[in-house]
>>> print(open('structure_30.cif').read())   # mmCIF, C-alpha atoms and all ligand atoms
data_entry
loop_
_atom_site.label_atom_id
_atom_site.label_comp_id
_atom_site.auth_asym_id
_atom_site.auth_seq_id
_atom_site.Cartn_x
_atom_site.Cartn_y
_atom_site.Cartn_z
CA MET S 205 27.03 5.74 -22.06
CA VAL S 206 24.51 5.25 -19.21
CA LYS S 207 26.30 5.19 -15.86
CA ILE S 208 24.67 2.57 -13.63
CA VAL S 209 24.31 4.19 -10.21
CA GLY S 210 22.91 2.76 -7.03
CA ILE S 211 23.48 -0.62 -5.44
CA THR S 212 21.16 -3.49 -6.24
CA ILE S 213 18.32 -4.26 -3.87
CA THR S 214 19.92 -7.63 -3.19
CA GLN S 215 23.07 -5.88 -1.95
CA HIS S 216 20.93 -3.46 0.10
CA LEU S 217 18.95 -6.27 1.74
CA LEU S 218 22.11 -8.19 2.61
CA GLU S 219 23.61 -5.06 4.17
CA GLN S 220 20.42 -4.54 6.19
CA GLN S 221 20.49 -8.20 7.22
CA ARG S 222 24.11 -7.94 8.41
CA GLU S 223 22.99 -5.15 10.77
CA LYS S 224 20.62 -7.58 12.52
CA PRO S 225 22.61 -10.30 14.34
CA GLU S 226 19.43 -12.29 14.99
CA ALA S 227 18.55 -12.34 11.28
CA THR S 228 18.32 -15.83 9.75
CA GLY S 229 18.01 -14.66 6.15
CA GLY S 230 14.34 -15.63 6.04
CA PHE S 231 13.11 -12.08 5.62
CA THR S 232 15.67 -11.39 2.88
CA HIS S 233 14.55 -14.56 1.11
CA LEU S 234 10.88 -13.54 1.42
CA LEU S 235 11.46 -10.05 0.03
CA ASN S 236 13.64 -11.31 -2.81
CA GLU S 237 10.90 -13.72 -3.91
CA LEU S 238 8.27 -10.96 -3.73
CA ILE S 239 10.55 -8.83 -5.90
CA VAL S 240 10.68 -11.59 -8.52
CA ALA S 241 6.87 -11.72 -8.53
CA ALA S 242 6.77 -7.94 -9.00
CA LYS S 243 9.19 -8.15 -11.92
CA VAL S 244 6.87 -10.67 -13.60
CA ILE S 245 3.83 -8.45 -12.97
CA SER S 246 5.73 -5.39 -14.24
CA SER S 247 6.62 -7.21 -17.43
CA GLU S 248 2.97 -8.17 -18.01
CA VAL S 249 1.64 -4.71 -17.12
CA ASN S 250 4.11 -3.08 -19.49
CA LYS S 251 2.89 -5.12 -22.45
CA ALA S 252 -0.80 -5.00 -21.50
CA GLY S 253 -2.83 -3.99 -24.53
CA LEU S 254 -0.67 -6.15 -26.73
CA VAL S 255 -1.87 -9.40 -25.24
CA ASP S 256 -5.28 -10.58 -24.18
CA ILE S 257 -4.82 -9.59 -20.56
CA LEU S 258 -6.68 -6.31 -20.57
CA GLY S 259 -10.22 -5.73 -19.52
CA SER S 260 -12.36 -7.45 -16.96
CA THR S 261 -13.07 -11.09 -16.41
CA GLY S 262 -16.75 -10.36 -15.92
CA ASP S 263 -16.46 -11.47 -12.29
CA ILE S 264 -17.09 -9.40 -9.15
CA ASN S 265 -14.59 -9.76 -6.30
CA ILE S 266 -14.99 -9.72 -2.52
CA GLN S 267 -14.82 -5.93 -2.73
CA GLU S 268 -17.80 -5.97 -5.11
CA GLU S 269 -15.54 -4.54 -7.82
CA GLN S 270 -15.10 -5.66 -11.42
CA VAL S 271 -12.23 -8.15 -11.50
CA GLN S 272 -9.65 -7.15 -14.09
CA LYS S 273 -7.73 -9.89 -15.89
CA LEU S 274 -4.50 -8.35 -14.66
CA ASP S 275 -5.80 -8.48 -11.07
CA VAL S 276 -6.25 -12.23 -11.41
CA PHE S 277 -2.85 -12.60 -13.04
CA ALA S 278 -1.02 -10.54 -10.41
CA ASN S 279 -2.79 -12.32 -7.57
CA ARG S 280 -1.92 -15.73 -8.99
CA ILE S 281 1.73 -14.82 -9.60
CA ILE S 282 2.24 -13.66 -6.02
CA ILE S 283 0.45 -16.62 -4.41
CA GLU S 284 2.17 -19.24 -6.58
CA ARG S 285 5.61 -17.76 -6.04
CA MET S 286 5.29 -17.07 -2.35
CA GLN S 287 3.55 -20.26 -1.20
CA HIS S 288 6.51 -22.60 -1.69
CA ILE S 289 9.39 -20.56 -0.22
CA GLY S 290 8.96 -21.89 3.31
CA GLN S 291 8.85 -18.44 4.93
CA LEU S 292 5.09 -17.89 5.24
CA CYS S 293 2.44 -19.45 7.48
CA CYS S 294 -0.39 -17.80 5.52
CA MET S 295 -1.23 -14.93 3.15
CA GLY S 296 -4.07 -12.44 2.80
CA SER S 297 -4.98 -10.91 -0.56
CA GLU S 298 -7.35 -8.08 -1.42
CA GLU S 299 -8.63 -10.41 -4.15
CA VAL S 300 -9.35 -13.42 -1.92
CA ALA S 301 -12.17 -13.55 0.64
CA ASP S 302 -10.45 -15.81 3.18
CA LEU S 303 -6.91 -16.15 4.49
CA ILE S 304 -4.78 -18.19 2.08
CA ASP S 305 -3.20 -21.34 3.52
CA ILE S 306 0.18 -22.73 2.51
CA PRO S 307 -0.35 -26.07 0.69
CA SER S 308 0.66 -29.01 2.88
CA GLN S 309 3.45 -30.09 0.50
CA TYR S 310 5.36 -26.89 1.27
CA PRO S 311 7.05 -25.97 4.58
CA LYS S 312 5.47 -23.20 6.65
CA GLY S 313 7.41 -20.27 7.99
CA SER S 314 6.73 -17.59 10.57
CA TYR S 315 5.86 -14.62 8.37
CA ILE S 316 2.44 -13.41 7.23
CA LEU S 317 2.14 -11.56 3.91
CA LEU S 318 -0.88 -9.32 3.33
CA PHE S 319 -1.12 -7.68 -0.07
CA ASP S 320 -3.13 -5.90 -2.70
CA PRO S 321 -1.82 -7.55 -5.86
CA LEU S 322 -2.75 -4.82 -8.29
CA ASP S 323 -4.19 -1.67 -6.83
CA GLY S 324 -5.80 0.75 -9.25
CA SER S 325 -6.14 -1.86 -11.96
CA SER S 326 -9.22 -0.17 -13.43
CA ASN S 327 -6.69 2.39 -14.72
CA ILE S 328 -4.49 -0.08 -16.57
CA ASP S 329 -6.32 0.20 -19.91
CA VAL S 330 -5.79 3.97 -19.92
CA ASN S 331 -2.09 3.63 -19.07
CA VAL S 332 -2.29 5.17 -15.62
CA SER S 333 0.25 3.93 -13.06
CA ILE S 334 -0.92 1.06 -10.83
CA GLY S 335 0.81 -0.97 -8.18
CA THR S 336 1.24 -3.76 -5.67
CA ILE S 337 1.05 -2.98 -1.93
CA PHE S 338 2.33 -5.32 0.79
CA GLY S 339 2.66 -5.61 4.54
CA ILE S 340 4.65 -8.29 6.40
CA TYR S 341 3.98 -9.52 9.96
CA LYS S 342 5.43 -12.27 12.13
CA ARG S 343 3.06 -14.72 13.70
CA GLU S 344 3.07 -14.42 17.48
CA SER S 345 2.23 -18.01 18.39
CA ASP S 346 3.37 -21.45 17.26
CA GLU S 347 -0.06 -22.02 15.69
CA THR S 348 0.17 -23.05 12.05
CA ASP S 349 -3.39 -24.28 11.46
CA ILE S 350 -5.15 -21.93 9.05
CA ASN S 351 -8.28 -21.95 11.23
CA PHE S 352 -6.32 -20.24 14.00
CA LEU S 353 -4.12 -18.02 11.89
CA LEU S 354 -6.72 -15.32 11.19
CA SER S 355 -6.14 -13.92 14.68
CA GLU S 356 -2.41 -13.91 13.87
CA ALA S 357 -3.06 -12.00 10.64
CA LEU S 358 -5.32 -9.42 12.29
CA GLN S 359 -2.54 -7.56 14.07
CA PRO S 360 -2.47 -3.76 14.28
CA GLY S 361 -0.30 -2.16 11.60
CA ILE S 362 2.26 -1.11 14.19
CA LYS S 363 3.24 -4.81 14.36
CA GLN S 364 4.35 -4.91 10.71
CA VAL S 365 8.00 -5.92 10.39
CA ALA S 366 8.12 -4.43 6.89
CA ALA S 367 5.84 -2.79 4.34
CA GLY S 368 6.05 -1.24 0.93
CA TYR S 369 4.75 -1.03 -2.60
CA PHE S 370 5.66 -1.33 -6.28
CA VAL S 371 4.50 1.28 -8.78
CA TYR S 372 4.22 0.08 -12.38
CA GLY S 373 4.41 3.41 -14.17
CA SER S 374 6.79 5.35 -16.40
CA SER S 375 9.31 3.18 -14.62
CA THR S 376 8.81 0.39 -12.10
CA ILE S 377 9.83 1.48 -8.63
CA MET S 378 9.81 -0.34 -5.31
CA VAL S 379 9.59 1.60 -2.05
CA TYR S 380 9.82 -0.23 1.26
CA THR S 381 10.77 0.06 4.91
CA SER S 382 11.73 -2.54 7.48
CA GLY S 383 11.99 0.10 10.17
CA ASN S 384 15.41 1.40 9.15
CA GLY S 385 14.48 4.25 6.80
CA VAL S 386 12.38 4.28 3.64
CA HIS S 387 14.22 3.40 0.45
CA GLY S 388 13.26 3.44 -3.23
CA PHE S 389 14.64 1.22 -5.98
CA THR S 390 14.07 1.67 -9.71
CA LEU S 391 13.94 -1.32 -12.05
CA TYR S 392 16.56 -1.23 -14.77
CA PRO S 393 14.50 -3.21 -17.34
CA SER S 394 17.28 -4.35 -19.65
CA VAL S 395 19.28 -5.63 -16.67
CA GLY S 396 16.28 -6.86 -14.66
CA GLU S 397 17.64 -5.41 -11.42
CA PHE S 398 16.15 -2.95 -8.95
CA LEU S 399 18.81 -0.29 -8.26
CA LEU S 400 18.80 2.07 -5.27
CA SER S 401 17.47 5.38 -6.60
CA HIS S 402 15.86 7.05 -3.57
CA GLU S 403 17.85 6.43 -0.37
CA ASN S 404 16.26 7.35 2.96
CA ILE S 405 13.15 9.11 1.61
CA ARG S 406 11.77 11.86 3.90
CA ILE S 407 8.34 13.40 3.25
CA PRO S 408 8.15 17.21 3.70
CA GLU S 409 6.53 18.12 7.03
CA SER S 410 3.78 19.97 5.11
CA GLY S 411 2.91 20.08 1.46
CA LYS S 412 1.04 22.02 -1.20
CA ILE S 413 -0.87 19.08 -2.71
CA TYR S 414 -4.19 17.64 -1.63
CA SER S 415 -5.58 14.49 -3.22
CA VAL S 416 -9.24 13.53 -2.89
CA ASN S 417 -12.11 12.52 -5.16
CA GLU S 418 -14.22 15.66 -4.89
CA SER S 419 -17.15 14.05 -6.70
CA ASN S 420 -17.96 12.50 -3.29
CA TYR S 421 -18.53 15.96 -1.77
CA GLU S 422 -22.29 15.50 -1.46
CA TYR S 423 -21.76 12.21 0.41
CA TRP S 424 -19.39 13.67 3.03
CA ASP S 425 -20.38 15.01 6.44
CA GLU S 426 -19.93 18.68 7.35
CA LYS S 427 -16.51 18.15 9.00
CA THR S 428 -15.12 16.45 5.92
CA ARG S 429 -16.47 19.19 3.67
CA ALA S 430 -14.93 21.85 5.95
CA LEU S 431 -11.57 20.06 5.76
CA VAL S 432 -11.52 19.89 1.96
CA ASP S 433 -12.79 23.50 1.76
CA HIS S 434 -9.77 24.44 3.90
CA PHE S 435 -7.35 23.10 1.31
CA LYS S 436 -9.25 24.96 -1.42
CA SER S 437 -9.01 28.30 0.40
CA LYS S 438 -5.73 30.26 0.31
CA GLU S 439 -7.12 32.47 3.06
CA LYS S 440 -7.86 29.54 5.42
CA ALA S 441 -4.75 27.56 4.57
CA GLY S 442 -2.38 30.53 4.51
CA HIS S 443 -1.06 29.42 1.14
CA SER S 444 -2.55 27.87 -1.97
CA TYR S 445 -2.69 24.12 -2.48
CA THR S 446 -2.96 22.32 -5.78
CA SER S 447 -5.25 19.36 -6.37
CA ARG S 448 -3.75 16.19 -7.76
CA TYR S 449 -5.80 12.98 -7.97
CA VAL S 450 -4.84 10.12 -10.26
CA GLY S 451 -7.35 7.63 -8.88
CA SER S 452 -4.61 5.09 -8.25
CA LEU S 453 -3.63 5.00 -4.58
CA VAL S 454 -0.01 3.98 -5.07
CA ALA S 455 0.52 6.72 -7.69
CA ASP S 456 -1.11 9.42 -5.56
CA PHE S 457 0.68 8.25 -2.43
CA HIS S 458 4.10 7.99 -4.10
CA ARG S 459 3.89 11.50 -5.56
CA ASN S 460 2.91 12.98 -2.20
CA LEU S 461 5.64 10.97 -0.43
CA LEU S 462 8.28 12.59 -2.62
CA LYS S 463 6.77 16.07 -2.95
CA GLY S 464 4.72 16.47 0.23
CA GLY S 465 0.96 16.72 0.61
CA ILE S 466 -2.05 14.76 1.80
CA PHE S 467 -4.10 11.95 0.27
CA MET S 468 -7.62 11.54 1.59
CA TYR S 469 -10.26 8.88 1.15
CA PRO S 470 -12.86 9.98 3.74
CA ALA S 471 -15.81 8.05 5.05
CA ASP S 472 -18.77 8.74 2.80
CA LEU S 473 -22.44 7.83 2.57
CA LYS S 474 -22.23 6.98 -1.13
CA ASP S 475 -22.57 3.25 -0.48
CA PRO S 476 -24.38 2.33 2.76
CA LYS S 477 -22.41 -0.93 2.75
CA LYS S 478 -19.14 1.03 2.85
CA PRO S 479 -19.67 3.77 5.48
CA SER S 480 -15.91 3.86 6.21
CA GLY S 481 -14.97 4.69 2.64
CA LYS S 482 -13.40 2.51 0.00
CA LEU S 483 -9.87 1.71 1.11
CA ARG S 484 -8.84 -1.41 2.99
CA LEU S 485 -7.05 -1.28 6.34
CA MET S 486 -4.91 -4.43 6.09
CA VAL S 487 -3.70 -4.33 2.47
CA GLU S 488 -3.66 -0.59 1.69
CA ALA S 489 -3.78 1.73 4.71
CA ASN S 490 -1.50 -0.19 7.10
CA PRO S 491 1.40 -0.81 4.69
CA LEU S 492 1.41 2.80 3.44
CA ALA S 493 1.01 4.07 6.99
CA MET S 494 4.20 2.25 8.00
CA VAL S 495 6.06 3.65 5.00
CA VAL S 496 4.92 7.22 5.58
CA GLN S 497 5.64 7.06 9.31
CA HIS S 498 9.22 5.93 8.72
CA ALA S 499 9.57 8.77 6.20
CA GLY S 500 8.51 11.31 8.83
CA GLY S 501 4.85 11.57 7.83
CA TYR S 502 1.63 10.36 9.42
CA ALA S 503 -1.51 8.33 8.60
CA SER S 504 -4.83 8.70 10.41
CA ASN S 505 -8.44 7.56 10.14
CA GLY S 506 -9.39 11.11 11.16
CA TYR S 507 -9.35 10.34 14.88
CA GLY S 508 -6.03 8.59 15.51
CA PRO S 509 -3.14 6.61 14.02
CA ILE S 510 -4.01 4.03 11.39
CA LEU S 511 -1.23 1.83 12.77
CA GLU S 512 -2.92 1.54 16.17
CA ILE S 513 -6.28 0.27 14.87
CA GLN S 514 -7.03 -3.27 16.10
CA PRO S 515 -8.46 -5.02 13.02
CA ASP S 516 -11.73 -6.94 13.32
CA GLU S 517 -11.76 -8.53 9.90
CA LEU S 518 -9.41 -9.11 6.98
CA HIS S 519 -11.15 -6.82 4.49
CA GLN S 520 -12.37 -4.05 6.73
CA ARG S 521 -12.35 -0.59 5.25
CA VAL S 522 -11.09 2.57 6.90
CA PRO S 523 -11.15 6.30 6.19
CA LEU S 524 -7.61 7.32 5.23
CA TYR S 525 -5.77 10.62 5.64
CA ILE S 526 -2.07 10.06 4.83
CA GLY S 527 0.99 12.14 3.95
CA SER S 528 2.79 15.17 5.39
CA LYS S 529 2.52 15.17 9.17
CA LYS S 530 1.18 18.72 9.56
CA ASP S 531 -1.44 18.26 6.83
CA VAL S 532 -2.70 14.99 8.33
CA GLU S 533 -2.77 16.48 11.84
CA LEU S 534 -4.89 19.30 10.41
CA ALA S 535 -7.24 16.70 8.94
CA GLU S 536 -7.58 15.13 12.39
CA GLU S 537 -8.46 18.53 13.89
CA TYR S 538 -11.32 18.93 11.42
CA ILE S 539 -12.61 15.34 11.39
CA SER S 540 -12.50 14.94 15.17
CA GLY S 541 -14.29 18.29 15.54
CA LYS S 542 -11.45 20.13 17.34
CA ARG S 543 -11.43 22.68 14.50
CA ILE S 544 -14.34 24.07 12.50
P1 LIG Z 1 -12.38 6.44 -6.51
C1 LIG Z 1 -8.48 2.02 -7.11
O1 LIG Z 1 -9.69 1.38 -7.48
C2 LIG Z 1 -8.60 2.38 -5.65
O2 LIG Z 1 -8.77 1.24 -4.87
C3 LIG Z 1 -7.36 3.14 -5.21
O3 LIG Z 1 -6.22 2.77 -5.92
C4 LIG Z 1 -7.75 4.59 -5.48
O4 LIG Z 1 -7.10 5.50 -4.62
C5 LIG Z 1 -9.24 4.58 -5.23
O5 LIG Z 1 -9.70 3.25 -5.47
C6 LIG Z 1 -9.96 5.53 -6.17
O6 LIG Z 1 -11.34 5.43 -5.81
O7 LIG Z 1 -13.67 6.20 -5.75
O8 LIG Z 1 -11.85 7.85 -6.29
O9 LIG Z 1 -12.41 6.06 -7.96
#
>>> encode(input="structure_30.cif", output="structure tokens")
Amino acid sequence: MVKIVGITITQHLLEQQREKPEATGGFTHLLNELIVAAKVISSEVNKAGLVDILGSTGDINIQEEQVQKLDVFANRIIIERMQHIGQLCCMGSEEVADLIDIPSQYPKGSYILLFDPLDGSSNIDVNVSIGTIFGIYKRESDETDINFLLSEALQPGIKQVAAGYFVYGSSTIMVYTSGNGVHGFTLYPSVGEFLLSHENIRIPESGKIYSVNESNYEYWDEKTRALVDHFKSKEKAGHSYTSRYVGSLVADFHRNLLKGGIFMYPADLKDPKKPSGKLRLMVEANPLAMVVQHAGGYASNGYGPILEIQPDELHQRVPLYIGSKKDVELAEEYISGKRI
């Protein structure tokens, strides 16, 4: 007899809401609707391969990447579900070039949702975990016209009111923070409920795992090479590290969050159009940076906190060093040249 442990996420959110006298319930409503969208995506991901939703559409997205059918599906599910709830003034998606307006027939709210609908989707047809990443901001003015809202969406990550991710893997898990600890919930499929499974997650201050795509070694500068060489050398590091790289950011990040370690996607010269590396500031780095910070870790672009970067554009890329505080601080010492 399986003993159901852990409170539901609905119960958790209501308890968190009760702790905030000024809360109107709007944030709880927003997160609950996003959770429904994730359940739908999880259901589709878990039967991918059985239905014609695998593979690419043949299109190239704003990121100049092959669009996977599941990317399109996940993006559509989130937009369609979130646009009518009356809590958002706009949305930004990794899959959509411009900021997404709320159709005029629906009421606008004061929150901004930025998301990567299905990160790592090139791994779906080989059954590697993938996920949805999200960051939530509040608009700072009364402006609701989409032509003015881009400046409202381009806030530094430190302004996020909440952030988190869903991993669609051996189980579907949601990890999020609204500034009051980092909490993980595991989907109980037959019940359709996310149950609290990882309360108040804390990342170890230093780890024994480093995650990086070493095939980019020839495209890195000397400082980046020295940093990765450090993790490969027991003598330099003082203990041995192990390399773990799934190629799906949410999977690599989630493992390191629980076990400790550092994930790196450095700047590289592989693609002159992407000198800052591959990952996106607004829909990948900022949300995970908020999560890791509230779990006691740190996220840097190699020179300073990811969360303090003032964004210039919705899809800007950023080098990312994220995970255990001591490991990321070491990365900063190498990348900023303080250590050779
Ligand atoms: P590479 C997936 O495409 C993704 O955006 C992240 O999920 C992942 O961390 C990264 O790209 C992997 O990139 O260049 O190592 O294949």
>>> closest_atom_pairs(input="structure_30.cif", of="chain S", to="ligand LIG 1 (chain Z)", cutoff="9 Å", atoms="all atoms listed in the file", output="JSON lines")
{"residue": "S:Glu269", "atom": "CA", "partner": "Z:LIG1", "partner_atom": "O1", "distance": 8.3}
{"residue": "S:Leu322", "atom": "CA", "partner": "Z:LIG1", "partner_atom": "O3", "distance": 8.7}
{"residue": "S:Asp323", "atom": "CA", "partner": "Z:LIG1", "partner_atom": "O3", "distance": 5.0}
{"residue": "S:Gly324", "atom": "CA", "partner": "Z:LIG1", "partner_atom": "C1", "distance": 3.7}
{"residue": "S:Ser325", "atom": "CA", "partner": "Z:LIG1", "partner_atom": "O1", "distance": 6.6}
{"residue": "S:Ser326", "atom": "CA", "partner": "Z:LIG1", "partner_atom": "O1", "distance": 6.2}
{"residue": "S:Asn327", "atom": "CA", "partner": "Z:LIG1", "partner_atom": "C1", "distance": 7.8}
{"residue": "S:Ile334", "atom": "CA", "partner": "Z:LIG1", "partner_atom": "O3", "distance": 7.4}
{"residue": "S:Gly335", "atom": "CA", "partner": "Z:LIG1", "partner_atom": "O3", "distance": 8.3}
{"residue": "S:Val416", "atom": "CA", "partner": "Z:LIG1", "partner_atom": "O8", "distance": 7.1}
{"residue": "S:Asn417", "atom": "CA", "partner": "Z:LIG1", "partner_atom": "O8", "distance": 4.8}
{"residue": "S:Glu418", "atom": "CA", "partner": "Z:LIG1", "partner_atom": "O8", "distance": 8.3}
{"residue": "S:Ser419", "atom": "CA", "partner": "Z:LIG1", "partner_atom": "O8", "distance": 8.2}
{"residue": "S:Asn420", "atom": "CA", "partner": "Z:LIG1", "partner_atom": "O7", "distance": 8.0}
{"residue": "S:Tyr449", "atom": "CA", "partner": "Z:LIG1", "partner_atom": "O8", "distance": 8.1}
{"residue": "S:Val450", "atom": "CA", "partner": "Z:LIG1", "partner_atom": "O4", "distance": 7.6}
{"residue": "S:Gly451", "atom": "CA", "partner": "Z:LIG1", "partner_atom": "C6", "distance": 4.3}
{"residue": "S:Ser452", "atom": "CA", "partner": "Z:LIG1", "partner_atom": "O3", "distance": 3.7}
{"residue": "S:Leu453", "atom": "CA", "partner": "Z:LIG1", "partner_atom": "O4", "distance": 3.5}
{"residue": "S:Val454", "atom": "CA", "partner": "Z:LIG1", "partner_atom": "O3", "distance": 6.4}
{"residue": "S:Ala455", "atom": "CA", "partner": "Z:LIG1", "partner_atom": "O3", "distance": 8.0}
{"residue": "S:Asp456", "atom": "CA", "partner": "Z:LIG1", "partner_atom": "O4", "distance": 7.2}
{"residue": "S:Phe457", "atom": "CA", "partner": "Z:LIG1", "partner_atom": "O4", "distance": 8.5}
{"residue": "S:Phe467", "atom": "CA", "partner": "Z:LIG1", "partner_atom": "O4", "distance": 8.6}
{"residue": "S:Met468", "atom": "CA", "partner": "Z:LIG1", "partner_atom": "O4", "distance": 8.7}
{"residue": "S:Tyr469", "atom": "CA", "partner": "Z:LIG1", "partner_atom": "O4", "distance": 7.4}
{"residue": "S:Gly481", "atom": "CA", "partner": "Z:LIG1", "partner_atom": "O7", "distance": 8.6}
{"residue": "S:Lys482", "atom": "CA", "partner": "Z:LIG1", "partner_atom": "O5", "distance": 6.6}
{"residue": "S:Leu483", "atom": "CA", "partner": "Z:LIG1", "partner_atom": "O2", "distance": 6.1}
{"residue": "S:Arg484", "atom": "CA", "partner": "Z:LIG1", "partner_atom": "O2", "distance": 8.3}
{"residue": "S:Glu488", "atom": "CA", "partner": "Z:LIG1", "partner_atom": "O2", "distance": 8.5}
>>> closest_atom_pairs(input="structure_30.cif", of="stretch 334-358 of chain S", to="stretch 382-405 of chain S", cutoff="12 Å", atoms="all atoms listed in the file", output="Markdown table")
| residue | atom | partner | partner_atom | distance |
| --- | --- | --- | --- | --- |
| S:Phe338 | CA | S:Ser382 | CA | 11.9 |
| S:Gly339 | CA | S:Ser382 | CA | 10.0 |
| S:Ile340 | CA | S:Ser382 | CA | 9.2 |
| S:Tyr341 | CA | S:Ser382 | CA | 10.7 |
>>> closest_residue(input="structure_30.cif", among="S:Ile377, S:Val496, S:Val330, S:Met295", to="S:Ile213", atoms="only C-alpha atoms")
S:Ile377
>>> atom_distance(input="structure_30.cif", atom1="atom CA of S:Gly411", atom2="atom CA of S:Asp531")
7.1 Å
>>> residues_around(input="structure_30.cif", residues="S:Met286", least_positions_apart="2", cutoff="8 Å", atoms="all atoms listed in the file", output="PyMOL selection string")
chain S and resi 234+237-238+282-284+288-289+292
>>> atom_distance(input="structure_30.cif", atom1="atom CA of S:Pro307", atom2="atom CA of S:Val240")
20.4 Å
>>> closest_residue(input="structure_30.cif", among="S:Ile544, S:Leu303, S:Leu235, S:Ala535", to="S:Tyr369", atoms="all atoms listed in the file")
S:Leu235
>>> closest_residue(input="structure_30.cif", among="S:Leu217, S:Met494, S:Ala489, S:Leu511", to="S:Gly229", atoms="all atoms listed in the file")
S:Leu217
>>> closest_residue(input="structure_30.cif", among="S:Asp320, S:Asp425, S:Glu299, S:Glu439", to="S:Gly368", atoms="all atoms listed in the file")
S:Asp320
>>> residues_around(input="structure_30.cif", residues="S:Tyr315", least_positions_apart="2", cutoff="12 Å", atoms="only C-alpha atoms", output="PyMOL selection string")
chain S and resi 230-235+286-287+289-296+306+312-313+317-318+339-348+353+356-357+363-366
>>> atom_distance(input="structure_30.cif", atom1="atom CA of S:Val379", atom2="atom CA of S:Gln221")
17.3 Å
>>> closest_residue(input="structure_30.cif", among="S:Asn331, S:Ala241, S:Asn265, S:Val522", to="S:Lys478", atoms="all atoms listed in the file")
S:Val522
